[in-house]
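Data block below; observations after.
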Amino acid sequence: MQETVALAWYLMRLRMRTRLQYRVALALAWVSQGLGYTGAFASLWIILTRFGGMGGWQWQDMALLLGFHTLGYALGACFTFVQLRRMEEIVRDGEFDTLLTRPMNIWAFLSFSGFNIEYGSHVILGVGLMAWALPKVTIDWGMLTILQLAASLFSAALLTGSVITLIGATALVLRRARYLFGIYFDFWELSRYPITIFAAPLQFLLLSGLPFAYMAYVPVAALIGKPVPYLGHAAAPVAVAVGPVAAFIAASFWRFGIRRYQGVGG
């Protein structure tokens, strides 16, 4: 176990050193991504300030929601998205067969060797929005509240990585997966908003079969005392538990995909 952790850390450092060889390109990527997100968030700010809120959420509430969403996504996606987005090509071109010969867990190798520091702009923007919003919203701070915030953020990152892993593992079974990422981001866009603005069937879907509401809305609503449909007072513990449960499901499906994998010609 200690050797695996040491190897994972070495792969991460190697990847970061490689990306830092092109500092100007990295800085431009951070700036472009940051401007894209800032433009989207600015349009929301205009709407909320013009109409006085959205589903009972004021701008400071939405800023916290957007910051939490951006940071949670970045923490999960930096280990999974770029790496597993290529799973269809990795399987089709036979690259996955060579990965099977490596003396390391395949998911761990893909995750840590492809660690993506281009999500730095997401982290800066997410932390900045949360730092601005937290003093402006009504929260009864205490040790349990701080632990709830940290645990729910970790859970949201786990959920993001788990969903991306599930999509990537689909390529091991069906040889196709890339089209699922388009569907993923369609629902991911919805998870930026309070689900109370959607119709009841969509609310239920985002809280159950497609649990995108747990990426930001449920933990933030529980933190600032907003009502959560169907969950009520259980929102906070459920928000903390969803990530680990999703990680267990994703790991099980990944192992199932490995067992079903039959090679390029399978």
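Chain identifiers are assigned as A, B, and so on, following the order in which chains appear in the structure tokens; residues are numbered from 1 within each chain, and ligands are numbered from 1 in order of appearance.
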
Please report as CSV every residue of segment 61-133 of chain A lying within 12 Å of segment 166-184 of chain A, along with the nearest atom pair and their distance in Å (one decimal), using only C-alpha atoms.
residue,atom,partner,partner_atom,distance
A:Thr80,CA,A:Gly168,CA,9.0
A:Phe81,CA,A:Gly168,CA,8.9
A:Val82,CA,A:Gly168,CA,10.5
A:Gln83,CA,A:Gly168,CA,9.0
A:Leu84,CA,A:Gly168,CA,5.2
A:Arg85,CA,A:Gly168,CA,6.5
A:Arg86,CA,A:Arg178,CA,7.6
A:Met87,CA,A:Gly168,CA,5.6
A:Glu88,CA,A:Ala171,CA,5.3
A:Glu89,CA,A:Arg175,CA,8.8
A:Ile90,CA,A:Ala171,CA,9.0
A:Val91,CA,A:Arg175,CA,6.9
A:Arg92,CA,A:Arg175,CA,7.0
A:Asp93,CA,A:Arg175,CA,10.8
A:Gly94,CA,A:Arg175,CA,11.4
A:Phe96,CA,A:Leu172,CA,9.2
A:Asp97,CA,A:Leu172,CA,11.1
A:Ile106,CA,A:Ala169,CA,11.4
A:Trp107,CA,A:Ala169,CA,9.7
A:Leu110,CA,A:Gly168,CA,11.2
A:Ser111,CA,A:Gly168,CA,11.7

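For Asp140 of chain A, the residues within 10 Å (counting only C-alpha atoms, excluding itself and residues fewer than 6 positions away along the chain) are Ile146, Leu223, Ile224 and Gly225 of chain A.
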
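For the residues A:Ile197, A:Leu190, A:Glu95, A:Asn105, ranking by smallest atom-to-atom distance to Gly56 of chain A using only C-alpha atoms places A:Ile197 first.
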
>> So, with only C-alpha atoms as the atoms that count, which of A:Ala63, A:Leu153, A:Ala221, A:Ala246 lies closest to Leu125 of chain A?
In response: A:Ala63

> Contacts of Leu207 of chain A at 12 Å or less, counting only C-alpha atoms, minus same-chain residues fewer than 2 places along, as a PyMOL selection string?
Replying inline: chain A and resi 187+191+194-196+200-205+209-219+228-231+235+238-239+242

Please produce a file of the residues just selected, as a PDB file, in the first residue's frame, where the atoms kept are C-alpha atoms.
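The result, written out as part_0.pdb:
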ATOM      1  CA  PHE A 187     -27.373  17.449 -16.502  1.00  0.00           C
ATOM      2  CA  SER A 191     -26.795  21.158 -11.166  1.00  0.00           C
ATOM      3  CA  PRO A 194     -31.517  25.412  -7.196  1.00  0.00           C
ATOM      4  CA  ILE A 195     -33.587  22.397  -8.214  1.00  0.00           C
ATOM      5  CA  THR A 196     -36.699  24.032  -6.770  1.00  0.00           C
ATOM      6  CA  ALA A 200     -41.255  17.987  -9.578  1.00  0.00           C
ATOM      7  CA  PRO A 201     -40.345  14.982 -11.831  1.00  0.00           C
ATOM      8  CA  LEU A 202     -36.983  16.561 -12.702  1.00  0.00           C
ATOM      9  CA  GLN A 203     -36.357  17.387  -9.040  1.00  0.00           C
ATOM     10  CA  PHE A 204     -36.941  13.747  -8.124  1.00  0.00           C
ATOM     11  CA  LEU A 205     -34.658  12.564 -10.936  1.00  0.00           C
ATOM     12  CA  GLY A 209     -31.498   8.149 -10.386  1.00  0.00           C
ATOM     13  CA  LEU A 210     -29.227  10.942 -11.635  1.00  0.00           C
ATOM     14  CA  PRO A 211     -27.948  12.450  -8.367  1.00  0.00           C
ATOM     15  CA  PHE A 212     -26.528  15.682  -9.791  1.00  0.00           C
ATOM     16  CA  ALA A 213     -28.315  17.741  -7.118  1.00  0.00           C
ATOM     17  CA  TYR A 214     -25.765  16.448  -4.580  1.00  0.00           C
ATOM     18  CA  MET A 215     -22.915  18.122  -6.459  1.00  0.00           C
ATOM     19  CA  ALA A 216     -23.877  21.487  -4.973  1.00  0.00           C
ATOM     20  CA  TYR A 217     -27.555  22.213  -4.331  1.00  0.00           C
ATOM     21  CA  VAL A 218     -28.270  19.740  -1.523  1.00  0.00           C
ATOM     22  CA  PRO A 219     -25.115  20.400   0.559  1.00  0.00           C
ATOM     23  CA  VAL A 228     -34.691  20.439   0.113  1.00  0.00           C
ATOM     24  CA  PRO A 229     -37.545  18.555  -1.605  1.00  0.00           C
ATOM     25  CA  TYR A 230     -38.102  14.949  -0.498  1.00  0.00           C
ATOM     26  CA  LEU A 231     -35.124  14.980   1.916  1.00  0.00           C
ATOM     27  CA  ALA A 235     -30.356  16.599   3.482  1.00  0.00           C
ATOM     28  CA  VAL A 238     -27.373  12.348   2.819  1.00  0.00           C
ATOM     29  CA  ALA A 239     -25.175  14.937   1.075  1.00  0.00           C
ATOM     30  CA  VAL A 242     -23.742  10.164  -1.407  1.00  0.00           C
TER      31      VAL A 242
END

> What is the distance between atom CA of Leu11 of chain A and atom CA of Ala157 of chain A, in Å to one decimal?
Replying inline: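 Distance between the two atoms: 20.6 Å.
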
Residue neighbourhood Phe154 of chain A, 12 Å, only C-alpha atoms, exclusion window fewer than 6 positions, as an mmCIF file with N, CA and C atoms, in the first residue's frame:
data_model
loop_
_atom_site.group_PDB
_atom_site.id
_atom_site.type_symbol
_atom_site.label_atom_id
_atom_site.label_comp_id
_atom_site.auth_asym_id
_atom_site.auth_seq_id
_atom_site.Cartn_x
_atom_site.Cartn_y
_atom_site.Cartn_z
ATOM 1 N N PHE A 68 -19.226 26.436 -4.682
ATOM 2 C CA PHE A 68 -19.184 25.048 -4.224
ATOM 3 C C PHE A 68 -19.210 24.105 -5.420
ATOM 4 N N HIS A 69 -20.084 24.377 -6.372
ATOM 5 C CA HIS A 69 -20.213 23.537 -7.563
ATOM 6 C C HIS A 69 -18.921 23.504 -8.364
ATOM 7 N N LEU A 71 -15.799 24.301 -7.358
ATOM 8 C CA LEU A 71 -14.687 23.705 -6.619
ATOM 9 C C LEU A 71 -14.852 22.195 -6.498
ATOM 10 N N GLY A 72 -16.064 21.728 -6.169
ATOM 11 C CA GLY A 72 -16.289 20.292 -6.062
ATOM 12 C C GLY A 72 -16.035 19.570 -7.372
ATOM 13 N N TYR A 73 -16.488 20.176 -8.466
ATOM 14 C CA TYR A 73 -16.248 19.578 -9.789
ATOM 15 C C TYR A 73 -14.759 19.508 -10.093
ATOM 16 N N ALA A 74 -14.037 20.602 -9.828
ATOM 17 C CA ALA A 74 -12.606 20.632 -10.139
ATOM 18 C C ALA A 74 -11.838 19.578 -9.354
ATOM 19 N N LEU A 75 -12.155 19.420 -8.066
ATOM 20 C CA LEU A 75 -11.441 18.459 -7.231
ATOM 21 C C LEU A 75 -11.676 17.020 -7.689
ATOM 22 N N GLY A 76 -12.856 16.748 -8.236
ATOM 23 C CA GLY A 76 -13.135 15.404 -8.736
ATOM 24 C C GLY A 76 -12.647 15.189 -10.157
ATOM 25 N N LEU A 147 -17.198 20.922 9.797
ATOM 26 C CA LEU A 147 -17.005 19.541 9.347
ATOM 27 C C LEU A 147 -18.022 19.170 8.272
ATOM 28 N N GLN A 148 -19.246 19.657 8.422
ATOM 29 C CA GLN A 148 -20.279 19.395 7.425
ATOM 30 C C GLN A 148 -19.892 19.992 6.080
ATOM 31 N N THR A 160 -18.458 13.484 -8.360
ATOM 32 C CA THR A 160 -18.014 13.869 -9.703
ATOM 33 C C THR A 160 -17.083 12.816 -10.293
ATOM 34 N N GLY A 161 -16.060 12.440 -9.532
ATOM 35 C CA GLY A 161 -15.132 11.425 -10.024
ATOM 36 C C GLY A 161 -15.796 10.084 -10.263
ATOM 37 N N TYR A 214 -26.685 16.570 -5.710
ATOM 38 C CA TYR A 214 -25.765 16.448 -4.580
ATOM 39 C C TYR A 214 -24.398 17.050 -4.877
ATOM 40 N N MET A 215 -24.194 17.506 -6.117
ATOM 41 C CA MET A 215 -22.915 18.122 -6.459
ATOM 42 C C MET A 215 -22.802 19.535 -5.902
ATOM 43 N N ALA A 216 -23.938 20.148 -5.556
ATOM 44 C CA ALA A 216 -23.877 21.487 -4.973
ATOM 45 C C ALA A 216 -25.154 21.865 -4.250
ATOM 46 N N PRO A 219 -25.993 20.002 -0.556
ATOM 47 C CA PRO A 219 -25.115 20.400 0.559
ATOM 48 C C PRO A 219 -25.189 21.879 0.897
ATOM 49 N N ALA A 239 -26.170 14.277 1.919
ATOM 50 C CA ALA A 239 -25.175 14.937 1.075
ATOM 51 C C ALA A 239 -23.769 14.438 1.368
ATOM 52 N N VAL A 240 -23.489 14.156 2.635
ATOM 53 C CA VAL A 240 -22.162 13.643 3.013
ATOM 54 C C VAL A 240 -21.994 12.186 2.582
ATOM 55 N N ALA A 241 -23.075 11.411 2.610
ATOM 56 C CA ALA A 241 -22.983 9.973 2.330
ATOM 57 C C ALA A 241 -22.987 9.636 0.848
ATOM 58 N N VAL A 242 -23.568 10.495 0.007
ATOM 59 C CA VAL A 242 -23.742 10.164 -1.407
ATOM 60 C C VAL A 242 -22.407 9.923 -2.102
ATOM 61 N N GLY A 243 -21.404 10.732 -1.829
ATOM 62 C CA GLY A 243 -20.105 10.588 -2.493
ATOM 63 C C GLY A 243 -19.451 9.245 -2.244
ATOM 64 N N PRO A 244 -19.283 8.831 -0.966
ATOM 65 C CA PRO A 244 -18.702 7.514 -0.708
ATOM 66 C C PRO A 244 -19.505 6.364 -1.306
ATOM 67 N N ALA A 247 -18.786 6.299 -4.948
ATOM 68 C CA ALA A 247 -17.437 5.778 -5.184
ATOM 69 C C ALA A 247 -17.426 4.250 -5.112
#

> At what distance in Å, to one decimal, does atom CA of Ile124 of chain A lie from atom CA of Tyr22 of chain A?
Replying inline: 19.8 Å

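When only C-alpha atoms are used to compute distances to Met62 of chain A, the closest of the residues A:Cys78, A:Leu35, A:Val123, A:Met130 turns out to be A:Met130.
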
>> I need the residues of segment 42-93 of chain A that end up classed as helix (DSSP H, G or I) by DSSP on the backbone, written out as a ChimeraX atom specification.
In response: /A:42-51,59-77,81-84,87-92

> Of the residues A:Gly114, A:Arg17, A:Lys136, A:Ser121, which is the one nearest to Val31 of chain A, using only C-alpha atoms?
Replying inline: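 Result for the nearest residue to Val31 of chain A: A:Ser121.
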
Just want the 12 Å neighbourhood of Arg19 of chain A, counted on only C-alpha atoms, with same-chain residues fewer than 4 positions away dropped. Output as a PDB file with C-alpha atoms, in the first residue's frame.
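out.pdb was written with the following content:
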ATOM      1  CA  MET A  12       1.357  13.205 -10.041  1.00  0.00           C
ATOM      2  CA  ARG A  13       4.606  15.132  -9.579  1.00  0.00           C
ATOM      3  CA  LEU A  14       5.868  13.911 -12.948  1.00  0.00           C
ATOM      4  CA  ARG A  15       2.660  15.050 -14.638  1.00  0.00           C
ATOM      5  CA  ARG A  23       3.849  27.780 -18.313  1.00  0.00           C
ATOM      6  CA  VAL A  24       2.523  30.322 -20.823  1.00  0.00           C
ATOM      7  CA  ALA A  25       0.142  27.790 -22.377  1.00  0.00           C
ATOM      8  CA  LEU A  26      -0.995  26.746 -18.906  1.00  0.00           C
ATOM      9  CA  ALA A  27      -1.571  30.347 -17.841  1.00  0.00           C
ATOM     10  CA  ALA A  29      -5.683  27.950 -20.367  1.00  0.00           C
ATOM     11  CA  SER A 113      -0.473   9.862 -14.327  1.00  0.00           C
ATOM     12  CA  GLY A 114      -2.976  12.196 -15.997  1.00  0.00           C
ATOM     13  CA  PHE A 115      -3.523  14.533 -13.038  1.00  0.00           C
ATOM     14  CA  ASN A 116      -4.746  17.757 -14.628  1.00  0.00           C
ATOM     15  CA  ILE A 117      -3.535  21.044 -13.134  1.00  0.00           C
ATOM     16  CA  GLU A 118      -5.472  23.001 -15.763  1.00  0.00           C
TER      17      GLU A 118
END

> Which value, in Å to one decimal, gives the distance between atom CA of Ala8 of chain A and atom CA of Leu20 of chain A?
Replying inline: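 Pair atom CA of Ala8 of chain A / atom CA of Leu20 of chain A returns 18.4 Å.
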
Do you know which residues are at most 9 Å from Gln60 of chain A counting only C-alpha atoms, after dropping those on the same chain fewer than 2 positions away, and could you put them as a compact mmCIF listing (two decimals) with N, CA and C atoms, in the first residue's frame?
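Full text of around05.txt as output:
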# COMPACT_ATOMS: atom_id res chain seq x y z
N TRP A 57 -33.61 32.13 -3.85
CA TRP A 57 -32.17 32.25 -3.63
C TRP A 57 -31.71 33.63 -4.09
N GLN A 58 -31.04 34.37 -3.20
CA GLN A 58 -30.47 35.66 -3.53
C GLN A 58 -29.06 35.45 -4.12
N MET A 62 -26.57 32.15 -4.31
CA MET A 62 -26.17 31.56 -5.59
C MET A 62 -24.66 31.58 -5.76
N ALA A 63 -24.00 32.64 -5.25
CA ALA A 63 -22.54 32.70 -5.34
C ALA A 63 -21.92 31.55 -4.57
N LEU A 64 -22.47 31.24 -3.40
CA LEU A 64 -21.98 30.10 -2.63
C LEU A 64 -22.25 28.80 -3.38
N LEU A 65 -23.42 28.68 -3.97
CA LEU A 65 -23.76 27.48 -4.74
C LEU A 65 -22.82 27.30 -5.92
N TRP A 132 -16.08 34.86 -0.66
CA TRP A 132 -16.88 36.08 -0.68
C TRP A 132 -18.28 35.85 -0.10
N ALA A 133 -18.87 34.70 -0.43
CA ALA A 133 -20.27 34.45 -0.08
C ALA A 133 -20.47 33.99 1.36
N LEU A 134 -19.56 33.20 1.90
CA LEU A 134 -19.78 32.61 3.22
C LEU A 134 -20.04 33.65 4.32
N LYS A 136 -21.52 36.38 3.98
CA LYS A 136 -22.72 37.13 3.66
C LYS A 136 -24.00 36.31 3.81
N VAL A 137 -23.89 35.01 3.97
CA VAL A 137 -25.08 34.18 4.16
C VAL A 137 -25.23 33.85 5.65
